[in-house]
Each structure stands twice: as C-alpha cells, then as structure tokens.
>>> print(open('structure-v8.pdb').read())   # PDB, C-alpha atoms
ATOM      1  CA  MET A1393       0.000   0.000   0.000
ATOM      2  CA  GLN A1394       1.309   3.438  -0.954
ATOM      3  CA  THR A1395       2.290   5.697   1.944
ATOM      4  CA  VAL A1396       1.110   9.260   1.331
ATOM      5  CA  PRO A1397       3.018  12.154   2.946
ATOM      6  CA  VAL A1398       0.625  14.686   4.487
ATOM      7  CA  ILE A1399       1.431  18.080   5.982
ATOM      8  CA  VAL A1400      -0.923  19.197   8.743
ATOM      9  CA  VAL A1401      -0.899  22.911   9.634
ATOM     10  CA  PHE A1402      -2.987  24.082  12.561
ATOM     11  CA  GLY A1403      -3.290  26.787  15.168
ATOM     12  CA  PRO A1404      -5.846  28.913  16.983
ATOM     13  CA  THR A1405      -8.223  31.291  15.267
ATOM     14  CA  ALA A1406      -6.564  34.423  13.813
ATOM     15  CA  VAL A1407      -3.036  33.046  14.265
ATOM     16  CA  GLY A1408      -2.327  33.618  10.559
ATOM     17  CA  LYS A1409      -2.791  30.235   8.878
ATOM     18  CA  THR A1410      -3.992  31.620   5.532
ATOM     19  CA  GLU A1411      -1.003  33.943   5.068
ATOM     20  CA  PHE A1412       1.363  31.205   6.195
ATOM     21  CA  LEU A1413       0.003  28.689   3.679
ATOM     22  CA  LEU A1414       0.795  30.964   0.744
ATOM     23  CA  HIS A1415       4.456  30.154   1.309
ATOM     24  CA  LEU A1416       3.640  26.554   0.338
ATOM     25  CA  GLU A1417       1.894  27.491  -2.917
ATOM     26  CA  ASN A1418       4.393  25.679  -5.161
ATOM     27  CA  ILE A1419       4.444  22.590  -2.965
ATOM     28  CA  GLY A1420       0.919  21.495  -2.174
ATOM     29  CA  GLU A1421      -2.838  21.872  -2.267
ATOM     30  CA  ILE A1422      -4.922  22.797   0.769
ATOM     31  CA  ILE A1423      -7.587  20.577   2.308
ATOM     32  CA  ASN A1424      -9.664  22.776   4.592
ATOM     33  CA  SER A1425     -10.253  21.362   8.079
ATOM     34  CA  ASP A1426     -12.231  24.306   9.437
ATOM     35  CA  SER A1427     -15.701  22.967  10.233
ATOM     36  CA  LEU A1428     -17.355  26.278   9.271
ATOM     37  CA  GLN A1429     -15.621  27.098   6.000
ATOM     38  CA  VAL A1430     -17.384  24.092   4.443
ATOM     39  CA  TYR A1431     -20.629  26.129   4.521
ATOM     40  CA  ARG A1432     -21.872  28.183   1.597
ATOM     41  CA  HIS A1433     -23.032  31.796   2.091
ATOM     42  CA  MET A1434     -20.841  32.196   5.209
ATOM     43  CA  SER A1435     -17.668  33.911   4.043
ATOM     44  CA  ILE A1436     -17.152  36.897   6.326
ATOM     45  CA  GLY A1437     -17.818  35.296   9.706
ATOM     46  CA  THR A1438     -15.681  32.251   8.900
ATOM     47  CA  ALA A1439     -12.728  34.275   7.532
ATOM     48  CA  LYS A1440     -12.870  32.187   4.369
ATOM     49  CA  PRO A1441      -9.889  32.674   2.013
ATOM     50  CA  ASP A1442     -10.806  34.895  -0.919
ATOM     51  CA  ASN A1443     -10.007  34.545  -4.615
ATOM     52  CA  SER A1444      -6.630  36.227  -4.205
ATOM     53  CA  VAL A1445      -5.613  33.229  -2.074
ATOM     54  CA  THR A1446      -7.457  30.361  -3.766
ATOM     55  CA  SER A1447      -6.204  31.466  -7.198
ATOM     56  CA  ARG A1448      -2.621  31.005  -5.990
ATOM     57  CA  ILE A1449      -3.001  27.710  -4.148
ATOM     58  CA  PRO A1450      -5.881  25.264  -4.702
ATOM     59  CA  HIS A1451      -8.273  24.815  -1.759
ATOM     60  CA  HIS A1452     -10.626  21.893  -1.190
ATOM     61  CA  LEU A1453     -13.618  21.390   1.142
ATOM     62  CA  ILE A1454     -14.715  25.029   1.029
ATOM     63  CA  ASP A1455     -18.303  26.020   0.100
ATOM     64  CA  CYS A1456     -19.441  22.368   0.024
ATOM     65  CA  ILE A1457     -22.749  22.319   1.891
ATOM     66  CA  ASP A1458     -25.593  24.574   3.030
ATOM     67  CA  PRO A1459     -25.695  26.027   6.575
ATOM     68  CA  ASP A1460     -28.529  23.744   7.682
ATOM     69  CA  GLN A1461     -26.573  20.575   6.869
ATOM     70  CA  GLU A1462     -24.299  18.602   9.167
ATOM     71  CA  PHE A1463     -20.645  17.943   8.392
ATOM     72  CA  SER A1464     -19.200  15.500  10.896
ATOM     73  CA  ALA A1465     -15.658  14.399  11.660
ATOM     74  CA  GLY A1466     -16.498  11.175   9.843
ATOM     75  CA  ASP A1467     -17.546  13.153   6.762
ATOM     76  CA  PHE A1468     -14.291  15.084   6.913
ATOM     77  CA  VAL A1469     -12.081  12.005   7.243
ATOM     78  CA  LYS A1470     -13.815  10.288   4.326
ATOM     79  CA  GLN A1471     -13.476  13.333   2.053
ATOM     80  CA  ALA A1472      -9.916  14.117   3.155
ATOM     81  CA  ASP A1473      -8.768  10.529   2.542
ATOM     82  CA  LYS A1474      -9.978  10.726  -1.048
ATOM     83  CA  LEU A1475      -8.446  14.162  -1.616
ATOM     84  CA  CYS A1476      -5.052  13.237  -0.152
ATOM     85  CA  HIS A1477      -4.624  10.424  -2.654
ATOM     86  CA  GLU A1478      -5.864  12.560  -5.562
ATOM     87  CA  ILE A1479      -3.513  15.441  -4.726
ATOM     88  CA  TYR A1480      -0.509  13.164  -4.240
ATOM     89  CA  SER A1481      -1.225  11.454  -7.572
ATOM     90  CA  ARG A1482      -0.817  14.894  -9.209
ATOM     91  CA  GLY A1483       2.685  15.228  -7.774
ATOM     92  CA  LYS A1484       1.653  17.687  -5.052
ATOM     93  CA  LEU A1485       1.647  17.363  -1.279
ATOM     94  CA  PRO A1486      -1.698  17.340   0.553
ATOM     95  CA  VAL A1487      -1.731  20.099   3.181
ATOM     96  CA  ILE A1488      -4.526  19.779   5.719
ATOM     97  CA  SER A1489      -5.086  23.068   7.503
ATOM     98  CA  GLY A1490      -7.602  24.511   9.927
ATOM     99  CA  GLY A1491      -8.485  25.068  13.534
ATOM    100  CA  THR A1492     -11.113  22.381  14.166
ATOM    101  CA  GLY A1493      -9.148  20.119  16.462
ATOM    102  CA  PHE A1494     -11.350  17.043  16.413
ATOM    103  CA  PHE A1495     -11.364  16.988  12.587
ATOM    104  CA  LEU A1496      -7.569  16.974  12.585
ATOM    105  CA  LYS A1497      -7.195  14.469  15.397
ATOM    106  CA  ASN A1498      -9.706  12.083  13.831
ATOM    107  CA  PHE A1499      -7.824  12.240  10.546
ATOM    108  CA  ILE A1500      -4.407  11.671  12.114
ATOM    109  CA  TYR A1501      -5.412   8.927  14.560
ATOM    110  CA  GLY A1502      -8.597   7.550  13.037
ATOM    111  CA  LEU A1503     -12.211   7.683  14.126
ATOM    112  CA  PRO A1504     -13.193   6.296  17.537
ATOM    113  CA  SER A1505     -15.488   3.318  17.723
ATOM    114  CA  ALA A1506     -19.058   4.182  18.719
ATOM    115  CA  PRO A1507     -22.277   2.201  19.109
ATOM    116  CA  ALA A1508     -24.681   1.923  16.207
ATOM    117  CA  SER A1509     -27.369   4.561  16.008
ATOM    118  CA  SER A1510     -30.779   3.811  17.485
ATOM    119  CA  GLU A1511     -33.540   5.280  15.353
ATOM    120  CA  GLU A1512     -36.077   4.713  18.135
ATOM    121  CA  ILE A1513     -34.045   6.605  20.734
ATOM    122  CA  ARG A1514     -33.196   9.333  18.220
ATOM    123  CA  ILE A1515     -36.889   9.909  17.458
ATOM    124  CA  GLN A1516     -37.682  10.038  21.181
ATOM    125  CA  LEU A1517     -34.952  12.614  21.759
ATOM    126  CA  GLN A1518     -36.126  14.694  18.792
ATOM    127  CA  LYS A1519     -39.646  14.769  20.235
ATOM    128  CA  ARG A1520     -38.254  15.804  23.606
ATOM    129  CA  LEU A1521     -36.249  18.553  21.928
ATOM    130  CA  GLU A1522     -39.423  19.967  20.387
ATOM    131  CA  LYS A1523     -41.334  19.696  23.665
ATOM    132  CA  GLU A1524     -38.730  20.565  26.318
ATOM    133  CA  GLY A1525     -36.248  22.695  24.387
ATOM    134  CA  LEU A1526     -32.525  22.379  23.784
ATOM    135  CA  GLU A1527     -31.400  23.773  27.138
ATOM    136  CA  ALA A1528     -33.187  20.998  29.051
ATOM    137  CA  LEU A1529     -31.460  18.315  26.986
ATOM    138  CA  ARG A1530     -28.140  20.093  27.296
ATOM    139  CA  GLU A1531     -28.512  20.059  31.091
ATOM    140  CA  GLU A1532     -29.300  16.339  30.899
ATOM    141  CA  LEU A1533     -26.101  15.836  28.910
ATOM    142  CA  HIS A1534     -24.244  17.752  31.615
ATOM    143  CA  GLN A1535     -25.411  15.153  34.131
ATOM    144  CA  LYS A1536     -24.799  12.082  31.950
ATOM    145  CA  ASP A1537     -21.638  13.046  30.074
ATOM    146  CA  PRO A1538     -19.928  16.196  31.432
ATOM    147  CA  ASP A1539     -16.923  15.812  29.116
ATOM    148  CA  SER A1540     -19.105  15.909  26.001
ATOM    149  CA  TRP A1541     -21.113  18.767  27.539
ATOM    150  CA  LEU A1542     -17.922  20.810  27.762
ATOM    151  CA  ARG A1543     -16.835  19.946  24.224
ATOM    152  CA  ILE A1544     -20.107  20.446  22.318
ATOM    153  CA  LYS A1545     -21.227  23.976  21.434
ATOM    154  CA  PRO A1546     -24.314  25.131  23.391
ATOM    155  CA  LEU A1547     -26.508  25.501  20.285
ATOM    156  CA  ASP A1548     -25.286  22.382  18.479
ATOM    157  CA  SER A1549     -28.504  20.392  18.766
ATOM    158  CA  TYR A1550     -27.290  17.647  16.425
ATOM    159  CA  ARG A1551     -24.257  16.717  18.536
ATOM    160  CA  ILE A1552     -26.109  17.156  21.835
ATOM    161  CA  LEU A1553     -28.765  14.695  20.668
ATOM    162  CA  ARG A1554     -26.106  12.353  19.281
ATOM    163  CA  ALA A1555     -24.231  12.285  22.604
ATOM    164  CA  LEU A1556     -27.449  11.510  24.483
ATOM    165  CA  GLU A1557     -28.341   8.869  21.894
ATOM    166  CA  VAL A1558     -24.983   7.157  22.459
ATOM    167  CA  TYR A1559     -25.482   7.260  26.221
ATOM    168  CA  TYR A1560     -28.972   5.764  26.127
ATOM    169  CA  THR A1561     -28.017   3.207  23.461
ATOM    170  CA  SER A1562     -24.855   1.927  25.126
ATOM    171  CA  GLY A1563     -25.110   2.989  28.760
ATOM    172  CA  SER A1564     -21.739   4.721  28.379
ATOM    173  CA  PRO A1565     -20.949   8.382  27.677
ATOM    174  CA  LEU A1566     -19.711   9.329  24.225
ATOM    175  CA  SER A1567     -16.497  10.611  25.826
ATOM    176  CA  ASP A1568     -15.628   7.008  26.794
ATOM    177  CA  TYR A1569     -15.146   6.125  23.136
ATOM    178  CA  LYS A1570     -11.527   7.123  22.809
ATOM    179  CA  LEU A1571      -9.472   7.711  19.697
ATOM    180  CA  PRO A1572      -6.769   5.190  18.790
ATOM    181  CA  ASP A1573      -3.405   6.183  20.276
ATOM    182  CA  LYS A1574      -1.325   5.501  17.159
ATOM    183  CA  MET A1575      -1.211   7.512  13.949
ATOM    184  CA  ARG A1576      -3.013   5.935  11.008
ATOM    185  CA  SER A1577      -1.118   3.657   8.680
ATOM    186  CA  GLY A1578      -0.941   4.602   5.018
ATOM    187  CA  TYR A1579       0.173   8.139   5.839
ATOM    188  CA  ARG A1580       3.364   9.880   6.899
ATOM    189  CA  PHE A1581       2.615  13.078   8.812
ATOM    190  CA  LEU A1582       4.441  16.359   9.298
ATOM    191  CA  LEU A1583       2.632  18.345  11.993
ATOM    192  CA  ILE A1584       3.220  22.105  12.050
ATOM    193  CA  GLY A1585       1.614  24.109  14.841
ATOM    194  CA  LEU A1586       1.416  27.899  14.555
ATOM    195  CA  ILE A1587       1.625  29.834  17.802
ATOM    196  CA  ARG A1588       1.858  33.463  18.905
ATOM    197  CA  ASP A1589       2.194  35.212  22.223
ATOM    198  CA  ARG A1590      -1.263  35.287  23.789
ATOM    199  CA  ALA A1591      -1.460  39.098  23.956
ATOM    200  CA  GLU A1592      -0.475  39.314  20.287
ATOM    201  CA  LEU A1593      -3.048  36.667  19.348
ATOM    202  CA  TYR A1594      -5.851  38.380  21.264
ATOM    203  CA  GLU A1595      -5.044  41.683  19.565
ATOM    204  CA  ARG A1596      -5.265  39.962  16.177
ATOM    205  CA  ILE A1597      -8.622  38.434  17.139
ATOM    206  CA  ASN A1598     -10.011  41.833  18.113
ATOM    207  CA  GLU A1599      -8.733  43.379  14.880
ATOM    208  CA  ARG A1600     -10.222  40.558  12.823
ATOM    209  CA  VAL A1601     -13.676  40.992  14.368
ATOM    210  CA  GLU A1602     -13.525  44.742  13.709
ATOM    211  CA  ALA A1603     -12.639  43.991  10.081
ATOM    212  CA  MET A1604     -15.510  41.490   9.802
ATOM    213  CA  PHE A1605     -18.032  44.105  10.889
ATOM    214  CA  LYS A1606     -16.615  46.624   8.420
ATOM    215  CA  ALA A1607     -16.849  43.962   5.692
ATOM    216  CA  GLY A1608     -20.558  43.446   6.414
ATOM    217  CA  LEU A1609     -20.910  40.602   8.933
ATOM    218  CA  PRO A1610     -24.274  41.893  10.290
ATOM    219  CA  GLU A1611     -25.620  42.015   6.729
ATOM    220  CA  GLU A1612     -24.311  38.507   6.045
ATOM    221  CA  TYR A1613     -26.227  37.209   9.077
ATOM    222  CA  LYS A1614     -29.413  39.018   7.988
ATOM    223  CA  LYS A1615     -29.104  37.513   4.517
ATOM    224  CA  LEU A1616     -28.756  34.011   5.974
ATOM    225  CA  ARG A1617     -31.873  34.508   8.093
ATOM    226  CA  ALA A1618     -33.756  35.868   5.060
ATOM    227  CA  MET A1619     -32.758  32.728   3.160
ATOM    228  CA  GLY A1620     -34.624  30.717   5.783
ATOM    229  CA  TYR A1621     -31.770  29.451   7.941
ATOM    230  CA  SER A1622     -32.611  29.395  11.645
ATOM    231  CA  PRO A1623     -30.274  30.068  14.602
ATOM    232  CA  ALA A1624     -30.430  26.312  15.290
ATOM    233  CA  SER A1625     -28.839  25.534  11.906
ATOM    234  CA  PRO A1626     -25.378  23.982  12.370
ATOM    235  CA  GLY A1627     -23.706  26.873  10.571
ATOM    236  CA  LEU A1628     -25.481  29.640  12.462
ATOM    237  CA  SER A1629     -24.749  28.072  15.845
ATOM    238  CA  ALA A1630     -21.089  29.044  15.451
ATOM    239  CA  ILE A1631     -19.200  31.946  17.005
ATOM    240  CA  GLY A1632     -19.662  35.013  14.829
ATOM    241  CA  TYR A1633     -23.268  34.129  14.041
ATOM    242  CA  ARG A1634     -24.902  32.833  17.205
ATOM    243  CA  GLU A1635     -24.262  36.159  18.941
ATOM    244  CA  PHE A1636     -26.678  37.814  16.499
ATOM    245  CA  SER A1637     -29.354  35.275  17.439
ATOM    246  CA  ILE A1638     -28.816  36.212  21.089
ATOM    247  CA  MET A1639     -29.413  39.838  20.102
ATOM    248  CA  GLU A1640     -32.643  38.758  18.378
ATOM    249  CA  GLU A1641     -33.811  36.915  21.497
ATOM    250  CA  LEU A1642     -32.939  39.610  24.023
ATOM    251  CA  GLY A1643     -33.876  42.632  21.957
ATOM    252  CA  SER A1644     -31.748  44.873  24.166
ATOM    253  CA  MET A1645     -28.294  44.344  22.652
ATOM    254  CA  THR A1646     -26.652  46.792  20.274
ATOM    255  CA  LEU A1647     -24.426  45.834  17.362
ATOM    256  CA  ASN A1648     -21.463  46.995  19.404
ATOM    257  CA  ASP A1649     -22.524  44.617  22.188
ATOM    258  CA  VAL A1650     -22.615  41.796  19.637
ATOM    259  CA  LYS A1651     -19.191  42.759  18.345
ATOM    260  CA  GLU A1652     -17.661  42.721  21.822
ATOM    261  CA  LEU A1653     -19.322  39.383  22.607
ATOM    262  CA  ILE A1654     -17.887  37.856  19.432
ATOM    263  CA  LYS A1655     -14.442  39.109  20.432
ATOM    264  CA  GLN A1656     -14.771  37.594  23.898
ATOM    265  CA  ASN A1657     -16.107  34.272  22.619
ATOM    266  CA  SER A1658     -13.376  34.115  19.978
ATOM    267  CA  ARG A1659     -10.649  34.730  22.566
ATOM    268  CA  ASN A1660     -12.105  32.018  24.794
ATOM    269  CA  TYR A1661     -12.271  29.647  21.839
ATOM    270  CA  ALA A1662      -8.643  30.366  20.940
ATOM    271  CA  LYS A1663      -7.629  29.513  24.498
ATOM    272  CA  ARG A1664      -9.407  26.142  24.239
ATOM    273  CA  GLN A1665      -7.824  25.484  20.851
ATOM    274  CA  ILE A1666      -4.337  26.104  22.220
ATOM    275  CA  THR A1667      -4.961  23.703  25.111
ATOM    276  CA  PHE A1668      -6.198  21.043  22.674
ATOM    277  CA  PHE A1669      -3.334  21.433  20.214
ATOM    278  CA  LYS A1670      -0.659  21.529  22.924
ATOM    279  CA  ALA A1671      -1.738  18.029  23.970
ATOM    280  CA  LEU A1672      -0.853  16.614  20.534
ATOM    281  CA  PRO A1673       2.546  14.881  20.332
ATOM    282  CA  ASP A1674       5.221  15.321  17.653
ATOM    283  CA  VAL A1675       4.255  18.887  16.722
ATOM    284  CA  ASN A1676       6.767  21.325  15.244
ATOM    285  CA  TRP A1677       5.752  24.622  16.861
ATOM    286  CA  ILE A1678       6.716  27.820  15.060
ATOM    287  CA  HIS A1679       5.710  31.470  14.903
ATOM    288  CA  PRO A1680       3.972  32.217  11.567
ATOM    289  CA  ASP A1681       6.678  34.762  10.731
ATOM    290  CA  GLN A1682       9.242  31.937  10.793
ATOM    291  CA  TRP A1683       7.812  30.457   7.613
ATOM    292  CA  GLN A1684      11.285  29.848   6.176
ATOM    293  CA  ASP A1685      11.794  27.185   8.863
ATOM    294  CA  ALA A1686       8.561  25.499   7.784
ATOM    295  CA  VAL A1687       9.550  25.533   4.100
ATOM    296  CA  GLU A1688      12.829  23.844   5.040
ATOM    297  CA  MET A1689      10.936  21.235   7.099
ATOM    298  CA  VAL A1690       8.649  20.528   4.163
ATOM    299  CA  SER A1691      11.576  20.238   1.736
ATOM    300  CA  ASN A1692      13.247  17.682   4.000
ATOM    301  CA  PHE A1693       9.928  15.895   4.532
ATOM    302  CA  ARG A1694       9.332  15.335   0.821
TER     303      ARG A1694
END
>>> encode(input="structure-v8.pdb", output="structure tokens")
Amino acid sequence: MQTVPVIVVFGPTAVGKTEFLLHLENIGEIINSDSLQVYRHMSIGTAKPDNSVTSRIPHHLIDCIDPDQEFSAGDFVKQADKLCHEIYSRGKLPVISGGTGFFLKNFIYGLPSAPASSEEIRIQLQKRLEKEGLEALREELHQKDPDSWLRIKPLDSYRILRALEVYYTSGSPLSDYKLPDKMRSGYRFLLIGLIRDRAELYERINERVEAMFKAGLPEEYKKLRAMGYSPASPGLSAIGYREFSIMEELGSMTLNDVKELIKQNSRNYAKRQITFFKALPDVNWIHPDQWQDAVEMVSNFR
C-alpha cells in the first residue's frame, strides 16, 4: 500500500494560517479542516480565504454544503482521505489546515469506535427537543456526560442529541469512546503548529472581528436569516453568528454589544484550541513569521 506524505498545519483562530500557507503554494494543495468554511453563504464570519488566495493555491472542502446541513468528523475524514490520494497522484503534497481540532485528530489517529445509532431513541430525543427545548437536553447531557457537555457547542442540537443517543443506546458516555493512540497507517505526517504570544493573538482576534463588521458581517447574518436558515442551523450556531441570534432573542443588545461578545467568545475559543493542540505529540511549533523554517521542514519531509 502506498504511503502518502501529508502536511498538517494548525493553530488557533486568527493566528495567521492563511497567510502562512501561501508560502507553500508551489508545494501542495490545501484541504480545509475548518468545520465552518465548508458552509456556503458564510464567508465573512468564517474568515474564508478569498479569490486572491485560492487562485494562488488550490483549496478543497470550502463552500461544500448549506448552513442547515451537518458535516461530521467522519464526513471530513472520508473526504480528506480521497483528496489526499488525488492530490498526491498529481505530484503535489496534501496540506490539511484549519483550527477544528477534532477533525484533525480524527484524521491523524482515526475515528473512535461508537455504538450503532438507534432510530427509536433518536426519534424520542427529537420529540423531547421539540417539547422541552434544547437547554433541558443540554442540562441532561451535563449530568450524563460532562466531558461531552464541555466539548459540544451550546446551540449544536445535532451533537447534543447524538451524545445523548450514544449514552442511552450503550449505557456509556460518548467521551468514553476514545481515539486510537497511534497515527493511522498509510500516511506519513508532518505536523506544524502555529503559535503566537497570547497578547499578540488576542489583539489579532479583536482586529479581525472589527474587520468582519466593516466587511458586512451583520448584513451577512441578515441575509442568511432571510434565506430561511434558523439560529439552530449547524452553521449559524457558530461563534460570529450565534451572537446575532442572542441579540434577536434579548432585543436589548446593540451591534457593538454583539461585536464585543464575538471578540470575547473568539478569545475564549482560541484559548481552548491552544490547550487542545498543545496536547498533541510530535508537533513542530513555530511562529507564523518563521515560515522559512517550515519551508525547510517541508523540503526535507518530501
């Protein structure tokens, strides 16, 4: 079986992954591993690379599905496997890049085993969701599986119901189904982690959110709502969008309040990302400005 070399570039939100990847434009093609950039109609709030970037280096798994569709780690691994072999067959290196940690970890180590779905339990939970509301089921998840409760976004109804379904199907929390502890066979990995000083990173996050609002993020959210997508849609439950739904519910928030909340939530998310990525072994950590070191690593890796 052919062993495919794969470069994996990751780091927290706003660390500078897009700019960094341009230095690899003659080497590889990008496979997006950001769970939000797969959605159509959501360009500003997801900091999706624009044509000036994608025209220089090919990007895959961007603008694939609508905001009301699910895109799981299993979906990502299946698509990324296919793309890695296609890219390598063209004489290029596959470069997987993004900030969604569980997508990356599932690709590197493989998907965890999990019990088969139970349609009966899933239907029961869906009925309870409609009757009791998401917050009640989220609190139930907190009691049954606190680790999954911490990991799953508060408005992610699909994954909340899935975690409860696993618990009631198997009697064990979803968090008990661990990833394999060895990297997958068939691949050879070079892991590059991008890191900045925390104060520098937080300043970049704040600047990015300001730029998003100037680019029309509030209008992008309004357009999505006008297209019929609800705040419960997987895409709109993400940071940068869900804060607008909170404004809709409360009725007392200003756009500036929303902006500041997005900044705060983004900083908190970056902190969680750093903790997650720091736990990964065999990572070459570099500052994005040290891209020459990464190019040398990649040259030696090939």
>>> resolve_selection(input="structure-v8.pdb", expression="the PyMOL selection byres ((chain A and resi 1496) around 10)", output="VMD selection string")
chain A and resid 1400 to 1402 1425 to 1426 1465 1468 to 1469 1488 to 1495 1497 to 1502 1669
>>> closest_residue(input="structure-v8.pdb", among="A:Gln1429, A:Gly1437, A:Gln1684, A:Glu1512", to="Cys1456 (chain A)", atoms="all atoms listed in the file")
A:Gln1429
>>> resolve_selection(input="structure-v8.pdb", expression="the PyMOL selection byres ((chain A and resi 1601) around 12)", output="ChimeraX atom specification")
/A:1405-1406,1436-1439,1594-1600,1602-1610,1631-1633,1648,1650-1659
>>> atom_distance(input="structure-v8.pdb", atom1="CA of Ile1479 (chain A)", atom2="CA of Gly1420 (chain A)")
7.9 Å
>>> closest_residue(input="structure-v8.pdb", among="A:Asp1674, A:Asp1548, A:Glu1640, A:Asp1573", to="Gln1461 (chain A)", atoms="all atoms listed in the file")
A:Asp1548
>>> atom_distance(input="structure-v8.pdb", atom1="CA of Arg1448 (chain A)", atom2="CA of Phe1412 (chain A)")
12.8 Å
>>> resolve_selection(input="structure-v8.pdb", expression="the PyMOL selection byres ((chain A and resi 1544) around 12)", output="ChimeraX atom specification")
/A:1494,1530,1533-1534,1537-1543,1545-1556,1566-1567,1626,1629-1630
>>> atom_distance(input="structure-v8.pdb", atom1="CA of Pro1404 (chain A)", atom2="CA of Pro1441 (chain A)")
16.0 Å
>>> closest_residue(input="structure-v8.pdb", among="A:Leu1593, A:Val1396, A:Val1445, A:Leu1428", to="Leu1414 (chain A)", atoms="all atoms listed in the file")
A:Val1445
>>> residues_around(input="structure-v8.pdb", residues="Tyr1431 (chain A)", least_positions_apart="3", cutoff="7 Å", atoms="only C-alpha atoms", output="PyMOL selection string")
chain A and resi 1428+1434+1454-1459+1627
>>> closest_residue(input="structure-v8.pdb", among="A:Asp1467, A:Glu1557, A:Asp1649, A:Glu1524", to="Ser1510 (chain A)", atoms="only C-alpha atoms")
A:Glu1557
>>> residues_around(input="structure-v8.pdb", residues="Ile1449 (chain A)", least_positions_apart="3", cutoff="12 Å", atoms="all atoms listed in the file", output="list in words")
Thr1410, Glu1411, Phe1412, Leu1413, Leu1414, His1415, Leu1416, Glu1417, Asn1418, Ile1419, Gly1420, Glu1421, Ile1422, Ile1423, Pro1441, Asp1442, Asn1443, Ser1444, Val1445, Thr1446, His1452, Lys1484, Leu1485, Pro1486 and Val1487 of chain A
>>> closest_residue(input="structure-v8.pdb", among="A:Ile1638, A:Asp1473, A:Leu1616, A:Leu1672", to="Ser1435 (chain A)", atoms="only C-alpha atoms")
A:Leu1616
>>> build_atoms(input="structure-v8.pdb", residues="region 1565-1577 of chain A", atoms="N, CA and C atoms", output="PDB file, in the coordinates of the input")
ATOM      1  N   PRO A1565     -21.030   7.061  28.311  1.00  0.00           N
ATOM      2  CA  PRO A1565     -20.949   8.382  27.677  1.00  0.00           C
ATOM      3  C   PRO A1565     -20.121   8.339  26.399  1.00  0.00           C
ATOM      4  N   LEU A1566     -20.442   9.238  25.489  1.00  0.00           N
ATOM      5  CA  LEU A1566     -19.711   9.329  24.225  1.00  0.00           C
ATOM      6  C   LEU A1566     -18.223   9.558  24.468  1.00  0.00           C
ATOM      7  N   SER A1567     -17.893  10.295  25.527  1.00  0.00           N
ATOM      8  CA  SER A1567     -16.497  10.611  25.826  1.00  0.00           C
ATOM      9  C   SER A1567     -15.684   9.377  26.201  1.00  0.00           C
ATOM     10  N   ASP A1568     -16.349   8.249  26.492  1.00  0.00           N
ATOM     11  CA  ASP A1568     -15.628   7.008  26.794  1.00  0.00           C
ATOM     12  C   ASP A1568     -15.077   6.339  25.540  1.00  0.00           C
ATOM     13  N   TYR A1569     -15.597   6.736  24.387  1.00  0.00           N
ATOM     14  CA  TYR A1569     -15.146   6.125  23.136  1.00  0.00           C
ATOM     15  C   TYR A1569     -13.926   6.893  22.646  1.00  0.00           C
ATOM     16  N   LYS A1570     -12.771   6.397  23.026  1.00  0.00           N
ATOM     17  CA  LYS A1570     -11.527   7.123  22.809  1.00  0.00           C
ATOM     18  C   LYS A1570     -10.973   6.884  21.406  1.00  0.00           C
ATOM     19  N   LEU A1571     -10.187   7.865  20.956  1.00  0.00           N
ATOM     20  CA  LEU A1571      -9.472   7.711  19.697  1.00  0.00           C
ATOM     21  C   LEU A1571      -8.354   6.683  19.843  1.00  0.00           C
ATOM     22  N   PRO A1572      -7.977   6.021  18.756  1.00  0.00           N
ATOM     23  CA  PRO A1572      -6.769   5.190  18.790  1.00  0.00           C
ATOM     24  C   PRO A1572      -5.566   6.042  19.189  1.00  0.00           C
ATOM     25  N   ASP A1573      -4.557   5.410  19.796  1.00  0.00           N
ATOM     26  CA  ASP A1573      -3.405   6.183  20.276  1.00  0.00           C
ATOM     27  C   ASP A1573      -2.216   6.144  19.326  1.00  0.00           C
ATOM     28  N   LYS A1574      -2.386   5.533  18.158  1.00  0.00           N
ATOM     29  CA  LYS A1574      -1.325   5.501  17.159  1.00  0.00           C
ATOM     30  C   LYS A1574      -1.804   6.186  15.882  1.00  0.00           C
ATOM     31  N   MET A1575      -0.865   6.867  15.215  1.00  0.00           N
ATOM     32  CA  MET A1575      -1.211   7.512  13.949  1.00  0.00           C
ATOM     33  C   MET A1575      -1.616   6.462  12.919  1.00  0.00           C
ATOM     34  N   ARG A1576      -2.493   6.860  12.012  1.00  0.00           N
ATOM     35  CA  ARG A1576      -3.013   5.935  11.008  1.00  0.00           C
ATOM     36  C   ARG A1576      -1.914   5.449  10.066  1.00  0.00           C
ATOM     37  N   SER A1577      -2.026   4.191   9.688  1.00  0.00           N
ATOM     38  CA  SER A1577      -1.118   3.657   8.680  1.00  0.00           C
ATOM     39  C   SER A1577      -1.554   4.171   7.307  1.00  0.00           C
TER      40      SER A1577
END
